[in-house]
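**Student:** Structure file final11.cif (mmCIF, C-alpha atoms) right here:
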```
data_work
loop_
_atom_site.label_atom_id
_atom_site.label_comp_id
_atom_site.auth_asym_id
_atom_site.auth_seq_id
_atom_site.Cartn_x
_atom_site.Cartn_y
_atom_site.Cartn_z
CA MET A 1416 123.16 70.00 70.97
CA LYS A 1417 121.59 70.43 67.55
CA GLU A 1418 119.31 73.46 67.26
CA LYS A 1419 115.76 72.61 66.29
CA SER A 1420 113.40 74.62 64.16
CA LYS A 1421 110.90 76.72 66.08
CA SER A 1422 108.12 75.12 64.05
CA GLU A 1423 109.19 71.51 64.66
CA ASP A 1424 106.69 69.46 66.65
CA TYR A 1425 107.99 67.42 69.58
CA GLY A 1426 107.04 66.43 73.08
CA ALA A 1427 103.87 65.65 74.98
CA LEU A 1428 102.40 69.14 74.38
CA ALA A 1429 102.97 69.38 70.63
CA GLY A 1430 100.15 71.37 69.04
CA ILE A 1431 99.30 73.35 72.19
CA ARG A 1432 99.59 77.13 71.67
CA VAL A 1433 100.51 79.28 74.64
CA LEU A 1434 100.44 83.06 74.92
CA ASP A 1435 102.84 84.12 77.67
CA LEU A 1436 102.05 87.66 78.83
CA SER A 1437 103.98 87.25 82.06
CA ARG A 1438 107.24 88.68 83.33
CA ILE A 1439 109.77 88.21 86.17
CA LEU A 1440 109.80 84.52 87.27
CA ALA A 1441 106.68 82.49 88.14
CA GLY A 1442 104.84 83.04 84.85
CA PRO A 1443 107.90 82.83 82.58
CA LEU A 1444 109.00 79.61 84.29
CA CYS A 1445 105.55 78.12 83.71
CA GLY A 1446 105.72 79.11 80.04
CA GLN A 1447 109.19 77.63 79.70
CA LEU A 1448 108.09 74.31 81.23
CA LEU A 1449 105.28 74.14 78.67
CA GLY A 1450 107.69 75.03 75.88
CA ASP A 1451 110.22 72.43 77.03
CA HIS A 1452 107.60 69.77 76.39
CA GLY A 1453 106.59 70.92 72.94
CA ALA A 1454 103.99 73.67 73.32
CA ARG A 1455 104.40 76.60 70.95
CA VAL A 1456 104.93 79.56 73.29
CA ILE A 1457 104.77 83.20 72.21
CA LYS A 1458 106.08 85.64 74.81
CA VAL A 1459 104.67 89.15 74.59
CA GLU A 1460 107.17 91.69 75.84
CA SER A 1461 106.80 95.45 76.29
CA PRO A 1462 109.15 97.90 74.51
CA SER A 1463 111.01 98.40 77.80
CA GLY A 1464 111.44 94.65 78.16
CA ASP A 1465 110.96 92.17 80.97
CA ASP A 1466 112.51 93.60 84.16
CA THR A 1467 114.75 90.55 84.49
CA ARG A 1468 116.69 91.42 81.33
CA GLY A 1469 118.63 93.70 83.68
CA TRP A 1470 119.10 91.18 86.52
CA GLY A 1471 122.10 88.94 87.18
CA THR A 1472 124.94 88.67 84.65
CA ILE A 1473 124.23 91.11 81.80
CA LEU A 1474 124.83 89.56 78.39
CA PRO A 1475 125.96 91.46 75.29
CA GLN A 1476 122.83 90.66 73.24
CA GLY A 1477 120.64 92.73 75.56
CA SER A 1478 119.64 89.99 77.95
CA SER A 1479 120.80 88.50 81.25
CA SER A 1480 121.53 85.20 82.90
CA TYR A 1481 118.35 85.58 84.98
CA TYR A 1482 116.09 86.22 81.99
CA ASP A 1483 117.66 83.53 79.83
CA SER A 1484 117.17 80.85 82.48
CA VAL A 1485 113.35 80.99 82.27
CA ASN A 1486 112.62 82.10 78.70
CA ARG A 1487 113.96 79.44 76.34
CA ASN A 1488 111.76 77.63 73.82
CA LYS A 1489 109.67 80.75 73.17
CA GLN A 1490 109.06 83.11 70.29
CA ASN A 1491 109.04 86.79 71.20
CA ILE A 1492 106.83 89.63 70.02
CA CYS A 1493 107.19 93.20 71.23
CA LEU A 1494 103.88 95.03 71.83
CA ASP A 1495 103.09 98.26 73.64
CA LEU A 1496 99.79 97.24 75.20
CA ARG A 1497 99.05 100.82 76.21
CA GLU A 1498 98.20 101.37 72.53
CA GLU A 1499 94.90 100.23 71.08
CA SER A 1500 96.54 98.85 67.93
CA SER A 1501 98.73 96.55 70.03
CA ARG A 1502 95.73 95.37 72.03
CA GLU A 1503 94.00 94.46 68.75
CA ILE A 1504 96.97 92.29 67.87
CA LEU A 1505 96.79 90.79 71.35
CA TRP A 1506 93.14 89.92 70.72
CA GLU A 1507 94.16 87.99 67.61
CA LEU A 1508 96.91 86.18 69.50
CA VAL A 1509 94.41 85.18 72.19
CA GLU A 1510 92.12 83.98 69.41
CA GLN A 1511 94.79 81.55 68.27
CA ALA A 1512 95.87 80.39 71.75
CA ASP A 1513 94.89 77.37 73.82
CA VAL A 1514 96.43 78.85 76.98
CA VAL A 1515 97.03 82.41 78.19
CA ILE A 1516 99.41 83.11 81.09
CA GLU A 1517 99.46 86.55 82.70
CA ASN A 1518 100.65 88.12 85.92
CA PHE A 1519 99.59 91.71 85.43
CA LYS A 1520 98.28 93.68 88.37
CA PRO A 1521 94.74 92.36 88.98
CA GLY A 1522 92.22 94.23 86.85
CA THR A 1523 94.64 95.17 84.05
CA MET A 1524 93.23 92.77 81.45
CA ALA A 1525 89.68 93.81 82.35
CA ARG A 1526 90.55 97.47 81.69
CA TRP A 1527 91.77 96.43 78.25
CA GLY A 1528 88.44 94.73 77.49
CA MET A 1529 89.86 91.25 77.98
CA ASP A 1530 88.31 90.11 81.25
CA PHE A 1531 88.10 86.32 81.16
CA GLU A 1532 84.53 85.83 82.37
CA ARG A 1533 83.07 88.87 80.62
CA ASP A 1534 85.00 89.03 77.35
CA LEU A 1535 87.18 86.04 76.61
CA GLN A 1536 85.23 83.03 77.84
CA PRO A 1537 81.98 83.86 76.02
CA HIS A 1538 83.90 84.29 72.77
CA LYS A 1539 86.35 81.41 73.23
CA PRO A 1540 84.91 78.95 75.78
CA GLU A 1541 87.77 76.47 75.27
CA LEU A 1542 90.41 78.97 76.41
CA ILE A 1543 92.48 78.12 79.48
CA TYR A 1544 93.44 81.28 81.32
CA CYS A 1545 96.23 81.15 83.91
CA ARG A 1546 96.25 84.09 86.30
CA ILE A 1547 99.26 84.52 88.61
CA SER A 1548 99.40 87.22 91.28
CA GLY A 1549 100.81 87.99 94.69
CA TYR A 1550 97.65 87.72 96.79
CA GLY A 1551 94.74 87.21 94.39
CA ASP A 1552 92.08 89.64 93.19
CA ASP A 1553 90.11 90.10 96.40
CA GLY A 1554 90.28 89.68 100.17
CA PRO A 1555 92.11 91.96 102.63
CA LEU A 1556 95.29 91.90 100.52
CA GLY A 1557 93.65 91.43 97.13
CA GLY A 1558 95.39 93.31 94.35
CA MET A 1559 98.47 94.12 96.41
CA PRO A 1560 101.87 93.62 94.74
CA GLY A 1561 103.91 90.65 95.87
CA TYR A 1562 107.50 89.52 95.45
CA ASP A 1563 109.05 86.25 96.54
CA ALA A 1564 110.98 87.59 99.55
CA ALA A 1565 108.01 89.58 100.84
CA LEU A 1566 105.88 86.42 100.77
CA GLN A 1567 108.61 84.46 102.52
CA ALA A 1568 108.40 87.08 105.26
CA TYR A 1569 104.59 87.30 105.42
CA SER A 1570 103.95 83.56 105.32
CA GLY A 1571 106.29 82.76 108.20
CA MET A 1572 108.79 80.98 105.97
CA MET A 1573 111.62 83.28 107.03
CA SER A 1574 110.81 82.62 110.69
CA ILE A 1575 111.81 78.96 110.32
CA ASN A 1576 114.94 79.52 108.24
CA GLY A 1577 118.35 80.21 109.76
CA GLU A 1578 120.10 79.59 113.05
CA ALA A 1579 118.19 79.81 116.34
CA ASP A 1580 120.37 82.60 117.75
CA ARG A 1581 120.25 84.78 114.63
CA ASP A 1582 117.66 86.77 112.70
CA PRO A 1583 115.20 85.03 110.37
CA MET A 1584 116.59 84.54 106.87
CA ARG A 1585 115.29 84.47 103.32
CA LEU A 1586 115.87 81.17 101.54
CA GLY A 1587 118.73 81.46 99.08
CA VAL A 1588 116.53 80.67 96.06
CA PRO A 1589 113.21 82.32 95.06
CA ILE A 1590 111.33 79.22 96.13
CA VAL A 1591 107.88 80.85 96.31
CA ASP A 1592 108.08 82.22 92.77
CA MET A 1593 109.43 78.98 91.35
CA VAL A 1594 106.90 76.68 93.00
CA THR A 1595 104.10 79.05 91.98
CA GLY A 1596 105.31 78.63 88.39
CA MET A 1597 105.32 74.86 88.81
CA ASN A 1598 101.85 74.94 90.37
CA ALA A 1599 100.64 76.97 87.39
CA PHE A 1600 102.20 74.41 85.04
CA SER A 1601 100.40 71.59 86.89
CA GLY A 1602 97.12 73.50 86.89
CA ILE A 1603 97.30 74.13 83.16
CA LEU A 1604 97.97 70.46 82.48
CA MET A 1605 94.93 69.50 84.59
CA ALA A 1606 92.80 72.04 82.75
CA LEU A 1607 93.99 70.70 79.38
CA TYR A 1608 93.14 67.16 80.47
CA GLU A 1609 89.68 68.22 81.64
CA ARG A 1610 89.12 70.21 78.43
CA ALA A 1611 89.79 67.09 76.37
CA ARG A 1612 86.72 65.59 78.06
CA THR A 1613 84.38 68.59 78.14
CA GLY A 1614 85.69 70.93 75.46
CA LEU A 1615 85.66 73.79 77.95
CA GLY A 1616 88.44 75.94 79.35
CA GLN A 1617 88.63 77.58 82.76
CA ILE A 1618 90.70 79.85 84.96
CA VAL A 1619 93.82 78.46 86.60
CA GLU A 1620 94.63 80.79 89.48
CA CYS A 1621 97.89 80.65 91.41
CA THR A 1622 99.07 83.16 93.99
CA LEU A 1623 102.40 83.57 95.72
CA PHE A 1624 100.48 83.78 99.00
CA ASP A 1625 98.80 80.39 98.59
CA THR A 1626 102.05 78.80 97.48
CA SER A 1627 104.03 80.18 100.40
CA LEU A 1628 101.58 78.76 102.94
CA SER A 1629 101.50 75.39 101.18
CA LEU A 1630 105.29 75.11 101.50
CA LEU A 1631 105.40 75.24 105.30
CA HIS A 1632 105.26 71.47 105.86
CA PRO A 1633 105.79 70.02 108.43
CA HIS A 1634 105.73 73.15 110.58
CA SER A 1635 102.21 74.19 109.58
CA ALA A 1636 100.88 70.71 110.41
CA HIS A 1637 102.56 70.79 113.82
CA TRP A 1638 101.10 74.20 114.61
CA LEU A 1639 97.60 73.26 113.43
CA THR A 1640 97.59 70.17 115.64
CA SER A 1641 99.47 71.44 118.70
CA GLY A 1642 99.56 75.24 118.54
CA LYS A 1643 103.34 75.09 119.06
CA LEU A 1644 105.59 77.33 116.99
CA PRO A 1645 108.80 75.82 115.59
CA VAL A 1646 112.23 77.16 116.42
CA ARG A 1647 114.92 77.73 113.83
CA THR A 1648 117.31 74.79 113.65
CA GLY A 1649 119.71 75.88 110.90
CA ALA A 1650 120.69 72.92 108.73
CA ALA A 1651 119.31 70.43 111.26
CA HIS A 1652 115.90 68.79 110.89
CA PRO A 1653 113.40 69.55 113.68
CA SER A 1654 112.00 65.99 113.70
CA ILE A 1655 114.87 63.68 112.69
CA ALA A 1656 118.31 63.09 114.19
CA PRO A 1657 120.99 63.02 112.98
CA TYR A 1658 119.96 65.11 109.97
CA GLU A 1659 122.40 68.02 109.70
CA THR A 1660 125.85 69.23 108.70
CA PHE A 1661 129.14 68.32 110.34
CA SER A 1662 132.71 69.47 109.76
CA THR A 1663 135.19 67.13 108.05
CA ALA A 1664 138.84 67.47 107.11
CA GLY A 1665 137.70 68.74 103.71
CA GLY A 1666 134.76 70.97 104.57
CA ALA A 1667 131.10 70.84 105.55
CA PHE A 1668 129.31 67.51 105.21
CA PHE A 1669 125.63 66.61 105.44
CA ILE A 1670 124.28 63.39 106.95
CA ALA A 1671 120.66 62.26 106.89
CA ALA A 1672 120.11 59.13 108.95
CA ALA A 1673 116.34 59.15 108.70
CA ASN A 1674 115.54 55.90 110.50
CA ASP A 1675 117.00 53.48 113.04
CA ARG A 1676 118.47 51.18 110.39
CA GLN A 1677 120.36 54.06 108.79
CA PHE A 1678 121.55 55.27 112.19
CA ASP A 1679 122.87 51.80 112.95
CA ALA A 1680 124.73 51.79 109.61
CA LEU A 1681 126.17 55.23 110.36
CA CYS A 1682 127.45 54.02 113.70
CA ARG A 1683 129.10 51.00 112.07
CA VAL A 1684 130.88 53.17 109.49
CA LEU A 1685 132.12 55.50 112.23
CA ARG A 1686 133.00 52.52 114.46
CA VAL A 1687 130.77 53.63 117.33
CA GLU A 1688 128.35 50.69 117.25
CA GLU A 1689 127.58 51.15 120.93
CA LEU A 1690 125.63 54.35 120.15
CA SER A 1691 122.86 52.52 118.32
CA GLU A 1692 122.37 50.26 121.35
CA SER A 1693 122.45 53.04 123.92
CA SER A 1694 119.25 53.96 125.76
CA LYS A 1695 120.03 57.59 124.86
CA PHE A 1696 120.22 57.05 121.09
CA ALA A 1697 118.48 53.80 120.11
CA THR A 1698 115.36 55.49 118.70
CA ASN A 1699 114.78 58.72 116.82
CA GLU A 1700 112.78 60.10 119.75
CA GLN A 1701 115.68 59.42 122.10
CA ARG A 1702 118.18 60.91 119.66
CA LEU A 1703 116.16 64.12 119.47
CA GLU A 1704 115.94 64.33 123.26
CA ASN A 1705 119.73 63.97 123.53
CA ILE A 1706 120.70 65.76 120.33
CA ALA A 1707 123.48 67.85 121.90
CA ASP A 1708 125.28 64.78 123.25
CA LEU A 1709 124.77 62.89 119.98
CA ARG A 1710 126.07 65.80 117.94
CA GLU A 1711 129.21 66.02 120.07
CA VAL A 1712 130.06 62.32 119.70
CA LEU A 1713 129.40 62.20 115.96
CA ALA A 1714 131.33 65.42 115.31
CA SER A 1715 134.44 63.98 116.99
CA LYS A 1716 134.29 60.89 114.79
CA ILE A 1717 133.58 62.73 111.54
CA GLN A 1718 136.05 65.60 111.77
CA ASP A 1719 139.07 63.70 110.41
CA TRP A 1720 137.34 62.04 107.47
CA ASP A 1721 137.84 63.04 103.83
CA PRO A 1722 134.35 64.11 102.71
CA ASP A 1723 134.38 62.18 99.42
CA GLU A 1724 135.56 59.00 101.15
CA LEU A 1725 132.95 59.35 103.88
CA SER A 1726 130.22 60.00 101.34
CA ALA A 1727 131.12 56.90 99.34
CA GLU A 1728 131.26 54.76 102.48
CA LEU A 1729 127.94 55.95 103.87
CA LEU A 1730 126.12 55.69 100.56
CA ALA A 1731 127.40 52.15 100.16
CA HIS A 1732 125.82 51.38 103.55
CA GLY A 1733 122.48 52.97 102.59
CA VAL A 1734 122.92 56.24 104.48
CA THR A 1735 122.12 59.44 102.58
CA ALA A 1736 125.09 61.78 102.85
CA SER A 1737 126.97 64.34 100.79
CA PRO A 1738 129.73 66.92 100.91
CA VAL A 1739 128.25 70.43 100.88
CA GLN A 1740 129.10 71.49 97.33
CA ASP A 1741 128.96 74.89 95.70
CA ILE A 1742 126.83 75.54 92.60
CA GLY A 1743 129.71 75.02 90.20
CA GLN A 1744 130.67 71.69 91.74
CA ALA A 1745 127.08 70.49 91.52
CA LEU A 1746 126.62 71.52 87.88
CA LEU A 1747 129.95 70.00 86.86
CA SER A 1748 129.39 66.75 88.75
CA PRO A 1749 129.49 63.56 86.67
CA HIS A 1750 125.94 62.71 87.69
CA ALA A 1751 124.63 66.09 86.48
CA GLN A 1752 126.22 65.35 83.11
CA HIS A 1753 124.80 61.83 83.09
CA ARG A 1754 121.31 63.16 83.84
CA GLU A 1755 121.66 65.83 81.10
CA MET A 1756 121.00 68.54 83.64
CA VAL A 1757 123.43 70.96 81.98
CA LEU A 1758 122.76 71.52 78.28
CA GLU A 1759 124.42 73.60 75.57
CA LEU A 1760 122.82 75.04 72.46
CA GLY A 1761 125.51 76.97 70.64
CA GLU A 1762 126.74 79.56 73.13
CA TYR A 1763 123.65 79.12 75.30
CA ARG A 1764 124.27 77.03 78.41
CA THR A 1765 121.30 76.15 80.58
CA VAL A 1766 120.06 73.82 83.27
CA GLY A 1767 118.39 70.77 81.79
CA ILE A 1768 114.81 69.52 81.91
CA PRO A 1769 113.89 67.89 85.25
CA ILE A 1770 110.79 66.06 83.98
CA LYS A 1771 111.89 63.04 81.94
CA LEU A 1772 109.29 61.32 79.72
CA SER A 1773 110.30 58.08 78.01
CA ARG A 1774 108.25 58.25 74.81
CA THR A 1775 107.70 61.99 74.33
CA PRO A 1776 110.72 63.65 75.95
CA GLY A 1777 111.07 67.38 76.21
CA ARG A 1778 114.02 69.21 74.74
CA VAL A 1779 115.69 72.60 74.53
CA ALA A 1780 114.78 73.43 70.95
CA THR A 1781 115.71 77.12 70.98
CA GLY A 1782 117.50 79.45 73.33
CA PRO A 1783 115.90 82.68 74.60
CA SER A 1784 114.79 85.07 71.86
CA LEU A 1785 115.85 88.67 71.67
CA ARG A 1786 113.13 91.16 72.54
CA GLY A 1787 110.80 91.44 69.56
CA SER A 1788 112.89 89.17 67.34
CA ASP A 1789 109.84 87.25 66.10
CA THR A 1790 107.46 90.20 65.84
CA GLU A 1791 107.29 90.31 62.04
CA ALA A 1792 106.90 86.55 61.68
CA ILE A 1793 104.14 86.42 64.29
CA LEU A 1794 102.32 89.39 62.72
CA ARG A 1795 102.36 87.60 59.36
CA GLN A 1796 100.83 84.53 61.01
CA VAL A 1797 98.16 86.73 62.63
CA ALA A 1798 97.35 88.34 59.30
CA ALA A 1799 97.11 84.96 57.60
CA ALA A 1800 94.71 83.58 60.20
CA GLN A 1801 90.95 83.79 59.96
CA PRO A 1802 89.66 87.19 61.20
CA ARG A 1803 88.09 87.19 64.63
CA VAL A 1804 84.31 87.03 64.64
CA ALA A 1805 82.81 89.57 67.05
CA SER A 1806 81.02 87.95 69.97
#
```
Let me see the file written as structure tokens.
**Tutor:**
Amino acid sequence: MKEKSKSEDYGALAGIRVLDLSRILAGPLCGQLLGDHGARVIKVESPSGDDTRGWGTILPQGSSSYYDSVNRNKQNICLDLREESSREILWELVEQADVVIENFKPGTMARWGMDFERDLQPHKPELIYCRISGYGDDGPLGGMPGYDAALQAYSGMMSINGEADRDPMRLGVPIVDMVTGMNAFSGILMALYERARTGLGQIVECTLFDTSLSLLHPHSAHWLTSGKLPVRTGAAHPSIAPYETFSTAGGAFFIAAANDRQFDALCRVLRVEELSESSKFATNEQRLENIADLREVLASKIQDWDPDELSAELLAHGVTASPVQDIGQALLSPHAQHREMVLELGEYRTVGIPIKLSRTPGRVATGPSLRGSDTEAILRQVAAAQPRVAS
């Protein structure tokens, strides 16, 4: 992949200037999504660096696999915001920004004289200010620190994940952090769209708490309507059958026969057509009521299949199915290559851009910057800009 200049305009968000004051995952991911689609993103990093520079595989340039995965397409300036001189520079960066993203402990920006309602909005009414936190500013848990796993526990998400006879489990990916970052991205885009009509900015607030509760579908809907708590079902779906993993001659295999037509096709492939006509299995409701018997019959028919052959056969018959692959197999799969979901920029290898636009596509223009690598260039741009007029 050819490296692009940091100043080159591209994508749907070309011309939008983003100041990324965030760290860890949700905020940086939001900033990266904006940068992927052409926004000019400046990440402000403390002298000690983003915590995630020490997480995952440590890289020789002073970074890590974790940090690099959510901080591409950004310039980087190092500022010690405990010092007044650095906060003055921050003021000038805010002056030049369309969007600010921060996930400091609630109240931090206010202590620095940069409260949105009191200080920033009156001076720059078009500013869009994205505030990400664990629980929000107020309420019984307002201002409390929050991490992904803790919110998975508090929200009930862990209670529905894992096998029924084992302890609740954390999901294997930081789903709450990542979806919060995506929610923030969506909120910023809505605020930019609304600003184009009114000329005014606003606060975009996203919390890990709100996100975690919003992710509980369909279990939250079932509880709200019936008062019944779900039980853990492992890989199986609580409302659809068969929708789970089975063992094959070549490893674990997932089948999702989500309707009667797909179940009928599954039975034909496995040569057990009589199942789809049985009074025990003809409908999804009946299959759920007799899931143990269904599972036993299907398992006996699936166990001798080669997983790739079974996958090809079921997909050809309209049944969603797949071998259970590891991360490496998924990233090296021909379809991942076809979809450009693994990209290389010099020595930097990264997961591709999931949002595909036909006329204004996003791109990986630059890899992650070293801490403070663009400080001098950004300070020159600040100095060349018009001085801020006191409000």
**Student:** State, in Å with one decimal place, the distance from CA of Tyr1763 in chain A to CA of Glu1517 in chain A.
**Tutor:**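 Between these atoms lies a distance of 26.4 Å.
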**Student:** Can you list what the PyMOL selection byres ((chain A and resi 1714) around 12) grabs from this structure, as a list in words?
**Tutor:**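 Evaluating the PyMOL selection byres ((chain A and resi 1714) around 12) on this file yields Pro1657, Glu1659, Thr1660, Phe1661, Ser1662, Thr1663, Ala1664, Ala1667, Phe1668, Phe1669, Ile1670, Leu1685, Val1687, Ile1706, Ala1707, Asp1708, Leu1709, Arg1710, Glu1711, Val1712, Leu1713, Ser1715, Lys1716, Ile1717, Gln1718, Asp1719 and Trp1720 of chain A.
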**Student:** Dump C-alpha atoms for the selected residues as a CSV table (one decimal), keeping the file's coordinate frame?
**Tutor:**
```
chain,number,residue,atom,x,y,z
A,1657,PRO,CA,121.0,63.0,113.0
A,1659,GLU,CA,122.4,68.0,109.7
A,1660,THR,CA,125.8,69.2,108.7
A,1661,PHE,CA,129.1,68.3,110.3
A,1662,SER,CA,132.7,69.5,109.8
A,1663,THR,CA,135.2,67.1,108.0
A,1664,ALA,CA,138.8,67.5,107.1
A,1667,ALA,CA,131.1,70.8,105.6
A,1668,PHE,CA,129.3,67.5,105.2
A,1669,PHE,CA,125.6,66.6,105.4
A,1670,ILE,CA,124.3,63.4,107.0
A,1685,LEU,CA,132.1,55.5,112.2
A,1687,VAL,CA,130.8,53.6,117.3
A,1706,ILE,CA,120.7,65.8,120.3
A,1707,ALA,CA,123.5,67.8,121.9
A,1708,ASP,CA,125.3,64.8,123.2
A,1709,LEU,CA,124.8,62.9,120.0
A,1710,ARG,CA,126.1,65.8,117.9
A,1711,GLU,CA,129.2,66.0,120.1
A,1712,VAL,CA,130.1,62.3,119.7
A,1713,LEU,CA,129.4,62.2,116.0
A,1715,SER,CA,134.4,64.0,117.0
A,1716,LYS,CA,134.3,60.9,114.8
A,1717,ILE,CA,133.6,62.7,111.5
A,1718,GLN,CA,136.0,65.6,111.8
A,1719,ASP,CA,139.1,63.7,110.4
A,1720,TRP,CA,137.3,62.0,107.5
```
**Student:** Let me know the residues the PyMOL selection byres ((chain A and resi 1546-1550) around 6) catches in the file above, as a list in words.
**Tutor:**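 Output from the PyMOL selection byres ((chain A and resi 1546-1550) around 6), applied to this file: Glu1517, Asn1518, Cys1545, Gly1551, Gly1557, Pro1560, Gly1561, Glu1620, Cys1621, Thr1622, Leu1623 and Phe1624 of chain A.
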**Student:** By how many Å are CA of Ala1579 in chain A and CA of Thr1735 in chain A apart?
**Tutor:**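 Here the two named atoms are 24.9 Å from each other.
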**Student:** When you look at Asp1582 in chain A with a cut-off of 10 Å (counting all atoms listed in the file), what residues show up, excluding the ones that are within fewer than 5 positions of it in the same chain? I need them as a ChimeraX atom specification.
**Tutor:** /A:1573-1574,1576-1577,1647
**Student:** If the PyMOL selection byres ((chain A and resi 1589) around 10) were run on this exact file, what residues would it hold? Put them as a ChimeraX atom specification.
**Tutor:** /A:1440-1441,1562-1564,1567,1585-1588,1590-1594
**Student:** Padding 4 Å on each side, edges along x, y and z: where is the centre of the box around the listed atoms of range 1475-1480 of chain A, and how long are its edges in Å to one decimal? Output it as AutoDock Vina command-line options.
**Tutor:**
```
--center_x 122.8 --center_y 89.0 --center_z 78.1 --size_x 14.3 --size_y 15.5 --size_z 17.7
```
**Student:** Counting all atoms listed in the file, figure out which residue out of A:Lys1771, A:Arg1683, A:Lys1489, A:Arg1455 gets nearest to Asp1789 in chain A.
**Tutor:**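 Of all the options, A:Lys1489 lies closest to Asp1789 in chain A.
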**Student:** Excluding same-chain residues fewer than 5 positions from Leu1794 in chain A, what lies within 12 Å of it counting only C-alpha atoms, as number ranges by chain?
**Tutor:** A: 1457, 1490-1494, 1501, 1503-1505, 1507-1508, 1787-1789, 1799-1800
**Student:** Any idea what the distance is between CA of Phe1600 in chain A and CA of Ala1798 in chain A?
**Tutor:**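 So the two atoms, CA of Phe1600 in chain A and CA of Ala1798 in chain A, lie 29.7 Å apart.
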**Student:** Counting all atoms listed in the file, select every polymer residue within 8 Å of (92.0, 77.0, 76.1) as defined in the file's coordinates, and provide the selection as a PyMOL selection string.
**Tutor:** chain A and resi 1512-1515+1539-1544+1607+1610+1615-1617
